[in-house]
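Okay, so here's the structure we're looking at.
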Amino acid sequence: MLNYRQLHYFWVVARTGSIVRAGEQLNLTPQTISGQISLLEQTYGIELFRRVGRQLELTETGRQALTYAEQMFQIGGELEAMLRARPDEQQILFRVGVADVVPKSIVYRLLAPTMDMEDALRLSCREDKLERLLADLAIQRLDLVISDSPMPSHLDIKGYSQRLGECGISFFATPALAAELSEEFPACLQHAPLLIPGQETVVRSRLLRWFAEQQIQPRIVGEFDDSALMQAFGQSGSGIFIGPSVIADEVCRQYGVELIGQTDAVIESFYAISVERKVKHPGILAITEGARRQLFNW
């Protein structure tokens with residue numbers, strides 16, 4: 001069985017970068033710490049550190065072990081804080097993963113209701129690729145994943161996808177770029193510089209199909225998985241960019257751009273994915289209710 005004291009010594013050394021500094025922090029001699037880490041390495045037949053000159057450097061195994069140790073001791077700290085807190089001070093930890101293709105403004109609007117709950121809730125939010133987030137959801141490192149698609153059918157993960165809402169898309173441009181468009185929407189998009197979502201987004205294929213149906217060929221000058229980066233380029237005047245129509249007014253105010261057209265023929269959808277037994281989590285309920293009543297007006 002894993003010796004957690006030895007793992008803790010390894011974690012402190014890795015964080016401080018020195019056995020001497022770790023000893024000062026733990027109030028132990030360097031010999032004690034070094035001996036315990038050596039025992040940990042001998043138990044599993046691995047090497048966690050190597051010496052480079054007078055410095056310690058993590059091996060590849062050490063870097064992987066540190067990732068797990070960080071998570072374990074973070075959770076341990078949260079558990080200790082929960083156990084020490086009085087019943088009226090205890091918070092519900094709500095761990096949310098956000099697929100990096102979901103627009104940040106949508107994420108904020110979806111999560112905002114959790115900040116106004118009567119229950120004491122502490123939000124922990126992490127952005128990553130969808131499949132990595134779903135892997136963490138499966139082993140209960142996350143309570144919820146927000147995505148632009150339901151859980152993929154090919155993944156062997158027991159979960160539940162709730163559609164939070166959907167809307168059409170809007171096209172935005174800086175005032176200077178908008179002034180160069182001589183025709184009405186959508187004809188004005190013909191050969192116009194366009195920034196589009198990357199290949200991992202669901203809306204991309206729908207958008208390109210709509211262009212083909214309209215017989216429009218914009219000049220694609222950039223592709224972005226991260227919507228915030230796409231909007232930053234759009235704000236600089238690099239090209240026309242798209243966003244969910246439900247936040248069109250907010251995008252115009254935030255980035256100083258103009259709305260040049262909208263279509264409901266291209267739909268963006270948003271989902272809350274959770275393991276089935278977590279569906280009653282108060283944070284998830286706040287998000288689903290807020291999305292339906294305030295954001296998408298179901």
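The chains in the structure tokens are called A, B, ... from first to last as shown; in each chain the residues are counted from 1, and the ligands are counted from 1 in the order shown.
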Between segment 261-294 of chain A and segment 166-170 of chain A, at 7 Å or less, what are the per-residue closest atom pairs and their distances in Å? Count only C-alpha atoms, order by chain and rising residue number, and return it as JSON lines.
```
{"residue": "A:Gly261", "atom": "CA", "partner": "A:Ser170", "partner_atom": "CA", "distance": 5.8}
{"residue": "A:Gln262", "atom": "CA", "partner": "A:Ser170", "partner_atom": "CA", "distance": 4.3}
{"residue": "A:Thr263", "atom": "CA", "partner": "A:Gly168", "partner_atom": "CA", "distance": 5.7}
{"residue": "A:Asp264", "atom": "CA", "partner": "A:Gly168", "partner_atom": "CA", "distance": 4.1}
{"residue": "A:Ala265", "atom": "CA", "partner": "A:Gly168", "partner_atom": "CA", "distance": 6.8}
{"residue": "A:Val266", "atom": "CA", "partner": "A:Gly168", "partner_atom": "CA", "distance": 5.6}
{"residue": "A:Ile267", "atom": "CA", "partner": "A:Gly168", "partner_atom": "CA", "distance": 4.6}
{"residue": "A:Glu268", "atom": "CA", "partner": "A:Glu166", "partner_atom": "CA", "distance": 5.5}
{"residue": "A:Ser269", "atom": "CA", "partner": "A:Glu166", "partner_atom": "CA", "distance": 4.2}
{"residue": "A:Phe270", "atom": "CA", "partner": "A:Glu166", "partner_atom": "CA", "distance": 6.3}
```
Generate the output file for the selected residues, N, CA, C and O atoms, as a PDB file, in the first residue's frame.
```pdb
ATOM      1  N   GLY A 261     -25.251  40.848 -39.002  1.00  0.00           N
ATOM      2  CA  GLY A 261     -26.281  39.924 -39.446  1.00  0.00           C
ATOM      3  C   GLY A 261     -26.446  38.757 -38.495  1.00  0.00           C
ATOM      4  O   GLY A 261     -25.561  38.478 -37.673  1.00  0.00           O
ATOM      5  N   GLN A 262     -27.586  38.082 -38.602  1.00  0.00           N
ATOM      6  CA  GLN A 262     -27.889  36.924 -37.767  1.00  0.00           C
ATOM      7  C   GLN A 262     -28.595  35.871 -38.600  1.00  0.00           C
ATOM      8  O   GLN A 262     -29.245  36.187 -39.596  1.00  0.00           O
ATOM      9  N   THR A 263     -28.457  34.614 -38.179  1.00  0.00           N
ATOM     10  CA  THR A 263     -29.221  33.542 -38.823  1.00  0.00           C
ATOM     11  C   THR A 263     -29.577  32.481 -37.789  1.00  0.00           C
ATOM     12  O   THR A 263     -28.770  32.157 -36.909  1.00  0.00           O
ATOM     13  N   ASP A 264     -30.786  31.956 -37.900  1.00  0.00           N
ATOM     14  CA  ASP A 264     -31.221  30.843 -37.051  1.00  0.00           C
ATOM     15  C   ASP A 264     -31.081  29.511 -37.783  1.00  0.00           C
ATOM     16  O   ASP A 264     -31.465  28.466 -37.253  1.00  0.00           O
ATOM     17  N   ALA A 265     -30.518  29.574 -38.998  1.00  0.00           N
ATOM     18  CA  ALA A 265     -30.297  28.342 -39.759  1.00  0.00           C
ATOM     19  C   ALA A 265     -29.064  27.598 -39.256  1.00  0.00           C
ATOM     20  O   ALA A 265     -28.871  26.426 -39.568  1.00  0.00           O
ATOM     21  N   VAL A 266     -28.218  28.296 -38.515  1.00  0.00           N
ATOM     22  CA  VAL A 266     -27.042  27.682 -37.886  1.00  0.00           C
ATOM     23  C   VAL A 266     -27.247  27.769 -36.376  1.00  0.00           C
ATOM     24  O   VAL A 266     -27.328  28.870 -35.823  1.00  0.00           O
ATOM     25  N   ILE A 267     -27.337  26.631 -35.726  1.00  0.00           N
ATOM     26  CA  ILE A 267     -27.678  26.576 -34.300  1.00  0.00           C
ATOM     27  C   ILE A 267     -26.461  26.188 -33.459  1.00  0.00           C
ATOM     28  O   ILE A 267     -25.714  25.288 -33.812  1.00  0.00           O
ATOM     29  N   GLU A 268     -26.297  26.907 -32.354  1.00  0.00           N
ATOM     30  CA  GLU A 268     -25.326  26.495 -31.329  1.00  0.00           C
ATOM     31  C   GLU A 268     -26.110  25.946 -30.139  1.00  0.00           C
ATOM     32  O   GLU A 268     -27.065  26.583 -29.670  1.00  0.00           O
ATOM     33  N   SER A 269     -25.700  24.790 -29.653  1.00  0.00           N
ATOM     34  CA  SER A 269     -26.359  24.153 -28.510  1.00  0.00           C
ATOM     35  C   SER A 269     -25.362  24.007 -27.369  1.00  0.00           C
ATOM     36  O   SER A 269     -24.151  23.885 -27.591  1.00  0.00           O
ATOM     37  N   PHE A 270     -25.892  23.974 -26.153  1.00  0.00           N
ATOM     38  CA  PHE A 270     -25.041  23.863 -24.978  1.00  0.00           C
ATOM     39  C   PHE A 270     -25.621  22.821 -24.024  1.00  0.00           C
ATOM     40  O   PHE A 270     -26.843  22.755 -23.838  1.00  0.00           O
TER      41      PHE A 270
END
```
Exercise: Glu223 of chain A partners within 10 Å, only C-alpha atoms, chain neighbours under 3 positions left out, as a PyMOL selection string
chain A and resi 194-199+204+220+226-227+229-230
Can you write just those residues out, N, CA, C and O atoms, as a tab-separated table (two decimals), in the first residue's frame?
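Writing done, so here's again-v6.tsv:
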```
chain	number	residue	atom	x	y	z
A	194	LEU	N	-12.94	36.25	-42.77
A	194	LEU	CA	-13.77	35.62	-41.76
A	194	LEU	C	-12.92	34.81	-40.79
A	194	LEU	O	-12.01	34.09	-41.19
A	195	LEU	N	-13.24	34.92	-39.52
A	195	LEU	CA	-12.64	34.10	-38.46
A	195	LEU	C	-13.68	33.07	-38.06
A	195	LEU	O	-14.82	33.43	-37.77
A	196	ILE	N	-13.29	31.80	-38.03
A	196	ILE	CA	-14.29	30.76	-37.74
A	196	ILE	C	-13.82	29.86	-36.60
A	196	ILE	O	-12.62	29.76	-36.31
A	197	PRO	N	-14.76	29.18	-35.94
A	197	PRO	CA	-14.39	28.22	-34.89
A	197	PRO	C	-13.58	27.07	-35.47
A	197	PRO	O	-13.71	26.73	-36.65
A	198	GLY	N	-12.75	26.44	-34.64
A	198	GLY	CA	-11.89	25.35	-35.07
A	198	GLY	C	-12.64	24.06	-35.33
A	198	GLY	O	-13.86	23.95	-35.11
A	199	GLN	N	-11.90	23.05	-35.76
A	199	GLN	CA	-12.51	21.80	-36.19
A	199	GLN	C	-13.15	21.02	-35.04
A	199	GLN	O	-13.97	20.14	-35.28
A	204	ARG	N	-18.94	24.63	-36.35
A	204	ARG	CA	-18.14	24.86	-37.56
A	204	ARG	C	-18.74	24.19	-38.79
A	204	ARG	O	-18.92	24.82	-39.83
A	220	ILE	N	-11.62	32.75	-45.47
A	220	ILE	CA	-11.30	32.35	-44.10
A	220	ILE	C	-9.85	32.70	-43.80
A	220	ILE	O	-8.92	32.21	-44.45
A	226	ASP	N	-10.41	28.31	-29.35
A	226	ASP	CA	-10.73	29.17	-28.22
A	226	ASP	C	-11.53	30.37	-28.71
A	226	ASP	O	-11.02	31.21	-29.46
A	227	SER	N	-12.78	30.47	-28.29
A	227	SER	CA	-13.65	31.55	-28.77
A	227	SER	C	-13.16	32.92	-28.31
A	227	SER	O	-13.31	33.92	-29.04
A	229	LEU	N	-10.09	33.91	-27.97
A	229	LEU	CA	-9.00	34.32	-28.86
A	229	LEU	C	-9.55	34.77	-30.20
A	229	LEU	O	-9.08	35.77	-30.78
A	230	MET	N	-10.57	34.07	-30.70
A	230	MET	CA	-11.20	34.48	-31.95
A	230	MET	C	-11.80	35.88	-31.82
A	230	MET	O	-11.66	36.73	-32.70
```
May I have all residues of segment 68-280 of chain A that DSSP, computed from the backbone, assigns to strand (DSSP E), given as an MDAnalysis selection string?
chainID A and resid 92:99 121:128 144:147 160:173 193:197 219:224 241:244 258:274
Preceding selection exported with C-alpha atoms as a PDB file, in the first residue's frame:
```
ATOM      1  CA  ILE A  92     -20.419  22.505  -1.008  1.00  0.00           C
ATOM      2  CA  LEU A  93     -17.547  22.126  -3.475  1.00  0.00           C
ATOM      3  CA  PHE A  94     -18.808  22.324  -7.065  1.00  0.00           C
ATOM      4  CA  ARG A  95     -16.206  21.170  -9.598  1.00  0.00           C
ATOM      5  CA  VAL A  96     -17.049  22.198 -13.155  1.00  0.00           C
ATOM      6  CA  GLY A  97     -15.150  21.364 -16.321  1.00  0.00           C
ATOM      7  CA  VAL A  98     -15.686  23.599 -19.358  1.00  0.00           C
ATOM      8  CA  ALA A  99     -14.918  22.448 -22.884  1.00  0.00           C
ATOM      9  CA  LEU A 121     -21.117  26.711  -2.521  1.00  0.00           C
ATOM     10  CA  ARG A 122     -17.514  27.076  -3.676  1.00  0.00           C
ATOM     11  CA  LEU A 123     -17.003  26.914  -7.434  1.00  0.00           C
ATOM     12  CA  SER A 124     -13.930  25.229  -8.901  1.00  0.00           C
ATOM     13  CA  CYS A 125     -13.798  25.741 -12.676  1.00  0.00           C
ATOM     14  CA  ARG A 126     -11.353  24.129 -15.138  1.00  0.00           C
ATOM     15  CA  GLU A 127     -11.116  24.426 -18.919  1.00  0.00           C
ATOM     16  CA  ASP A 128      -9.796  21.616 -21.126  1.00  0.00           C
ATOM     17  CA  LEU A 144     -20.281  18.645 -14.207  1.00  0.00           C
ATOM     18  CA  VAL A 145     -18.966  19.281 -17.724  1.00  0.00           C
ATOM     19  CA  ILE A 146     -20.321  22.105 -19.898  1.00  0.00           C
ATOM     20  CA  SER A 147     -20.005  21.426 -23.622  1.00  0.00           C
ATOM     21  CA  TYR A 160     -26.344  12.083 -18.430  1.00  0.00           C
ATOM     22  CA  SER A 161     -26.528  14.987 -20.893  1.00  0.00           C
ATOM     23  CA  GLN A 162     -29.010  17.788 -20.298  1.00  0.00           C
ATOM     24  CA  ARG A 163     -29.572  20.317 -23.067  1.00  0.00           C
ATOM     25  CA  LEU A 164     -29.321  23.736 -21.468  1.00  0.00           C
ATOM     26  CA  GLY A 165     -30.502  25.621 -24.538  1.00  0.00           C
ATOM     27  CA  GLU A 166     -29.747  26.615 -28.111  1.00  0.00           C
ATOM     28  CA  CYS A 167     -29.733  29.713 -30.280  1.00  0.00           C
ATOM     29  CA  GLY A 168     -28.772  30.985 -33.709  1.00  0.00           C
ATOM     30  CA  ILE A 169     -25.494  32.716 -34.523  1.00  0.00           C
ATOM     31  CA  SER A 170     -24.598  36.347 -35.136  1.00  0.00           C
ATOM     32  CA  PHE A 171     -21.840  37.920 -37.226  1.00  0.00           C
ATOM     33  CA  PHE A 172     -19.750  40.796 -35.865  1.00  0.00           C
ATOM     34  CA  ALA A 173     -17.186  43.209 -37.280  1.00  0.00           C
ATOM     35  CA  PRO A 193     -12.279  38.070 -44.248  1.00  0.00           C
ATOM     36  CA  LEU A 194     -13.771  35.621 -41.758  1.00  0.00           C
ATOM     37  CA  LEU A 195     -12.639  34.101 -38.464  1.00  0.00           C
ATOM     38  CA  ILE A 196     -14.287  30.762 -37.743  1.00  0.00           C
ATOM     39  CA  PRO A 197     -14.386  28.221 -34.886  1.00  0.00           C
ATOM     40  CA  ARG A 219     -12.199  34.326 -47.215  1.00  0.00           C
ATOM     41  CA  ILE A 220     -11.299  32.347 -44.101  1.00  0.00           C
ATOM     42  CA  VAL A 221      -8.303  34.052 -42.492  1.00  0.00           C
ATOM     43  CA  GLY A 222      -8.255  32.304 -39.104  1.00  0.00           C
ATOM     44  CA  GLU A 223      -9.523  29.241 -37.235  1.00  0.00           C
ATOM     45  CA  PHE A 224      -9.767  29.134 -33.441  1.00  0.00           C
ATOM     46  CA  PHE A 241     -16.362  36.634 -36.385  1.00  0.00           C
ATOM     47  CA  ILE A 242     -19.374  34.766 -35.066  1.00  0.00           C
ATOM     48  CA  GLY A 243     -20.966  34.264 -31.663  1.00  0.00           C
ATOM     49  CA  PRO A 244     -24.196  32.958 -30.126  1.00  0.00           C
ATOM     50  CA  GLU A 258     -21.160  45.973 -34.762  1.00  0.00           C
ATOM     51  CA  LEU A 259     -23.749  43.322 -35.502  1.00  0.00           C
ATOM     52  CA  ILE A 260     -23.816  42.816 -39.275  1.00  0.00           C
ATOM     53  CA  GLY A 261     -26.281  39.924 -39.446  1.00  0.00           C
ATOM     54  CA  GLN A 262     -27.889  36.924 -37.767  1.00  0.00           C
ATOM     55  CA  THR A 263     -29.221  33.542 -38.823  1.00  0.00           C
ATOM     56  CA  ASP A 264     -31.221  30.843 -37.051  1.00  0.00           C
ATOM     57  CA  ALA A 265     -30.297  28.342 -39.759  1.00  0.00           C
ATOM     58  CA  VAL A 266     -27.042  27.682 -37.886  1.00  0.00           C
ATOM     59  CA  ILE A 267     -27.678  26.576 -34.300  1.00  0.00           C
ATOM     60  CA  GLU A 268     -25.326  26.495 -31.329  1.00  0.00           C
ATOM     61  CA  SER A 269     -26.359  24.153 -28.510  1.00  0.00           C
ATOM     62  CA  PHE A 270     -25.041  23.863 -24.978  1.00  0.00           C
ATOM     63  CA  TYR A 271     -25.145  20.872 -22.646  1.00  0.00           C
ATOM     64  CA  ALA A 272     -24.568  20.007 -19.006  1.00  0.00           C
ATOM     65  CA  ILE A 273     -23.018  16.532 -18.700  1.00  0.00           C
ATOM     66  CA  SER A 274     -22.963  14.797 -15.329  1.00  0.00           C
TER      67      SER A 274
END
```
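Shortest atom-to-atom contact with Pro282 of chain A among A:Ile139, A:Ala176, A:Val102, A:Met117: A:Met117, counting only C-alpha atoms.
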Could you list, as a ChimeraX atom specification, every residue within 8 Å of Glu47 of chain A, counting only C-alpha atoms and ignoring same-chain residues fewer than 2 positions away?
/A:41,45,49-50,59,61-62
I need the residues from that last selection saved to file as a short mmCIF file (atom, residue, chain, number, x, y, z; two decimals), in the first residue's frame (with C-alpha atoms), if you can.
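Output file again.cif follows:
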```cif
data_model
loop_
_atom_site.label_atom_id
_atom_site.label_comp_id
_atom_site.auth_asym_id
_atom_site.auth_seq_id
_atom_site.Cartn_x
_atom_site.Cartn_y
_atom_site.Cartn_z
CA GLU A 41 11.67 4.75 -4.92
CA GLY A 45 11.61 0.34 -8.45
CA PHE A 49 14.60 12.72 -8.91
CA ARG A 50 17.96 12.97 -10.64
CA THR A 59 12.38 12.51 -13.80
CA THR A 61 8.08 9.40 -13.59
CA GLY A 62 8.54 12.08 -10.94
#
```
Can you list, as a ChimeraX atom specification, all residues belonging to segment 116-237 of chain A that DSSP tags as helix (DSSP H, G or I)?
/A:116,130-138,175-179,187-189,202-214,227-235
Produce a file of the selected residues containing N, CA, C and O atoms, as a compact mmCIF listing (two decimals), in the first residue's frame.
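selection.txt was written with the following content:
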```txt
# COMPACT_ATOMS: atom_id res chain seq x y z
N ASP A 116 -25.38 32.96 -6.45
CA ASP A 116 -26.48 33.54 -5.68
C ASP A 116 -27.29 32.51 -4.91
O ASP A 116 -28.38 32.80 -4.44
N LEU A 130 -12.72 18.30 -24.30
CA LEU A 130 -13.90 17.60 -23.81
C LEU A 130 -13.58 16.19 -23.33
O LEU A 130 -14.03 15.78 -22.25
N GLU A 131 -12.83 15.42 -24.09
CA GLU A 131 -12.60 14.02 -23.71
C GLU A 131 -11.82 13.92 -22.41
O GLU A 131 -12.06 13.01 -21.60
N ARG A 132 -10.88 14.82 -22.17
CA ARG A 132 -10.13 14.79 -20.91
C ARG A 132 -11.05 15.16 -19.74
O ARG A 132 -10.95 14.60 -18.65
N LEU A 133 -11.93 16.10 -19.97
CA LEU A 133 -12.88 16.47 -18.92
C LEU A 133 -13.82 15.33 -18.60
O LEU A 133 -14.12 15.06 -17.43
N LEU A 134 -14.29 14.63 -19.62
CA LEU A 134 -15.20 13.51 -19.39
C LEU A 134 -14.50 12.36 -18.67
O LEU A 134 -15.13 11.65 -17.87
N ALA A 135 -13.21 12.18 -18.93
CA ALA A 135 -12.45 11.16 -18.21
C ALA A 135 -12.40 11.49 -16.71
O ALA A 135 -12.55 10.60 -15.86
N ASP A 136 -12.22 12.77 -16.40
CA ASP A 136 -12.21 13.19 -14.99
C ASP A 136 -13.60 13.10 -14.38
O ASP A 136 -13.75 12.80 -13.19
N LEU A 137 -14.63 13.35 -15.19
CA LEU A 137 -16.00 13.21 -14.71
C LEU A 137 -16.28 11.75 -14.33
O LEU A 137 -16.92 11.47 -13.31
N ALA A 138 -15.77 10.83 -15.13
CA ALA A 138 -16.03 9.40 -14.90
C ALA A 138 -15.44 8.92 -13.58
O ALA A 138 -15.99 8.03 -12.94
N PRO A 175 -16.36 48.58 -36.60
CA PRO A 175 -17.01 49.59 -37.43
C PRO A 175 -16.27 49.84 -38.74
O PRO A 175 -16.91 50.02 -39.80
N ALA A 176 -14.93 49.83 -38.70
CA ALA A 176 -14.16 50.09 -39.93
C ALA A 176 -14.36 48.97 -40.94
O ALA A 176 -14.55 49.22 -42.14
N LEU A 177 -14.33 47.72 -40.47
CA LEU A 177 -14.53 46.60 -41.38
C LEU A 177 -15.97 46.54 -41.86
O LEU A 177 -16.23 46.27 -43.05
N ALA A 178 -16.92 46.82 -41.00
CA ALA A 178 -18.33 46.82 -41.39
C ALA A 178 -18.60 47.85 -42.49
O ALA A 178 -19.42 47.63 -43.39
N ALA A 179 -17.90 49.00 -42.42
CA ALA A 179 -18.09 50.06 -43.42
C ALA A 179 -17.62 49.64 -44.81
O ALA A 179 -18.05 50.21 -45.82
N ALA A 187 -25.09 38.39 -48.30
CA ALA A 187 -24.26 38.54 -49.50
C ALA A 187 -22.97 39.28 -49.20
O ALA A 187 -21.95 39.08 -49.87
N CYS A 188 -22.99 40.13 -48.17
CA CYS A 188 -21.80 40.90 -47.83
C CYS A 188 -20.64 40.02 -47.35
O CYS A 188 -19.49 40.48 -47.28
N LEU A 189 -20.92 38.76 -47.03
CA LEU A 189 -19.87 37.85 -46.56
C LEU A 189 -19.04 37.27 -47.71
O LEU A 189 -17.98 36.68 -47.47
N VAL A 202 -18.73 22.01 -32.76
CA VAL A 202 -19.87 21.47 -33.49
C VAL A 202 -20.39 22.48 -34.51
O VAL A 202 -20.80 22.13 -35.61
N VAL A 203 -20.35 23.76 -34.15
CA VAL A 203 -20.95 24.79 -34.99
C VAL A 203 -20.19 24.99 -36.30
O VAL A 203 -20.77 25.46 -37.29
N ARG A 204 -18.94 24.63 -36.35
CA ARG A 204 -18.14 24.86 -37.56
C ARG A 204 -18.74 24.19 -38.79
O ARG A 204 -18.92 24.82 -39.83
N SER A 205 -19.06 22.88 -38.68
CA SER A 205 -19.59 22.16 -39.84
C SER A 205 -20.95 22.71 -40.24
O SER A 205 -21.28 22.79 -41.44
N ARG A 206 -21.74 23.12 -39.26
CA ARG A 206 -23.05 23.71 -39.57
C ARG A 206 -22.88 25.03 -40.30
O ARG A 206 -23.63 25.35 -41.23
N LEU A 207 -21.90 25.80 -39.88
CA LEU A 207 -21.63 27.09 -40.52
C LEU A 207 -21.18 26.91 -41.96
O LEU A 207 -21.69 27.58 -42.89
N LEU A 208 -20.26 25.99 -42.20
CA LEU A 208 -19.76 25.78 -43.55
C LEU A 208 -20.85 25.22 -44.46
O LEU A 208 -20.91 25.57 -45.66
N ARG A 209 -21.72 24.38 -43.91
CA ARG A 209 -22.84 23.86 -44.70
C ARG A 209 -23.79 25.00 -45.08
O ARG A 209 -24.31 25.04 -46.21
N TRP A 210 -24.02 25.92 -44.18
CA TRP A 210 -24.90 27.06 -44.47
C TRP A 210 -24.29 27.95 -45.56
O TRP A 210 -25.00 28.42 -46.45
N PHE A 211 -22.99 28.16 -45.51
CA PHE A 211 -22.33 28.94 -46.57
C PHE A 211 -22.54 28.29 -47.92
O PHE A 211 -22.82 28.96 -48.93
N ALA A 212 -22.42 26.94 -47.97
CA ALA A 212 -22.60 26.23 -49.24
C ALA A 212 -24.04 26.37 -49.74
O ALA A 212 -24.27 26.58 -50.94
N GLU A 213 -25.00 26.30 -48.82
CA GLU A 213 -26.41 26.45 -49.21
C GLU A 213 -26.69 27.86 -49.73
O GLU A 213 -27.50 28.04 -50.65
N GLN A 214 -26.04 28.84 -49.15
CA GLN A 214 -26.23 30.23 -49.57
C GLN A 214 -25.38 30.62 -50.78
O GLN A 214 -25.47 31.73 -51.28
N SER A 227 -12.78 30.47 -28.29
CA SER A 227 -13.65 31.55 -28.77
C SER A 227 -13.16 32.92 -28.31
O SER A 227 -13.31 33.92 -29.04
N ALA A 228 -12.56 33.00 -27.11
CA ALA A 228 -12.07 34.28 -26.61
C ALA A 228 -10.94 34.81 -27.50
O ALA A 228 -10.84 36.01 -27.75
N LEU A 229 -10.09 33.91 -27.97
CA LEU A 229 -9.00 34.32 -28.86
C LEU A 229 -9.55 34.77 -30.20
O LEU A 229 -9.08 35.77 -30.78
N MET A 230 -10.57 34.07 -30.70
CA MET A 230 -11.20 34.48 -31.95
C MET A 230 -11.80 35.88 -31.82
O MET A 230 -11.66 36.73 -32.70
N GLN A 231 -12.45 36.15 -30.69
CA GLN A 231 -13.04 37.46 -30.47
C GLN A 231 -11.98 38.55 -30.35
O GLN A 231 -12.19 39.69 -30.80
N ALA A 232 -10.84 38.20 -29.76
CA ALA A 232 -9.76 39.18 -29.65
C ALA A 232 -9.24 39.57 -31.02
O ALA A 232 -8.98 40.75 -31.30
N PHE A 233 -9.09 38.59 -31.92
CA PHE A 233 -8.67 38.89 -33.28
C PHE A 233 -9.76 39.70 -34.00
O PHE A 233 -9.46 40.61 -34.78
N GLY A 234 -11.01 39.33 -33.75
CA GLY A 234 -12.11 40.09 -34.37
C GLY A 234 -12.13 41.52 -33.89
O GLY A 234 -12.37 42.45 -34.67
N GLN A 235 -11.87 41.74 -32.62
CA GLN A 235 -11.85 43.09 -32.05
C GLN A 235 -10.75 43.94 -32.69
O GLN A 235 -10.89 45.16 -32.84
```
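Between atom CA of Gln55 of chain A and atom CA of Glu70 of chain A lies a distance of 21.4 Å.
One distance worth recording is that between atom CA of Ser34 of chain A and atom CA of Ile19 of chain A, which is 7.1 Å.
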Which residue of A:Ile33, A:Gly283, A:Glu250, A:Glu80 approaches Arg21 of chain A most closely, using only C-alpha atoms
A:Ile33
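Distance-wise, atom CA of Leu58 of chain A and atom CA of Asn27 of chain A end up 22.7 Å apart.
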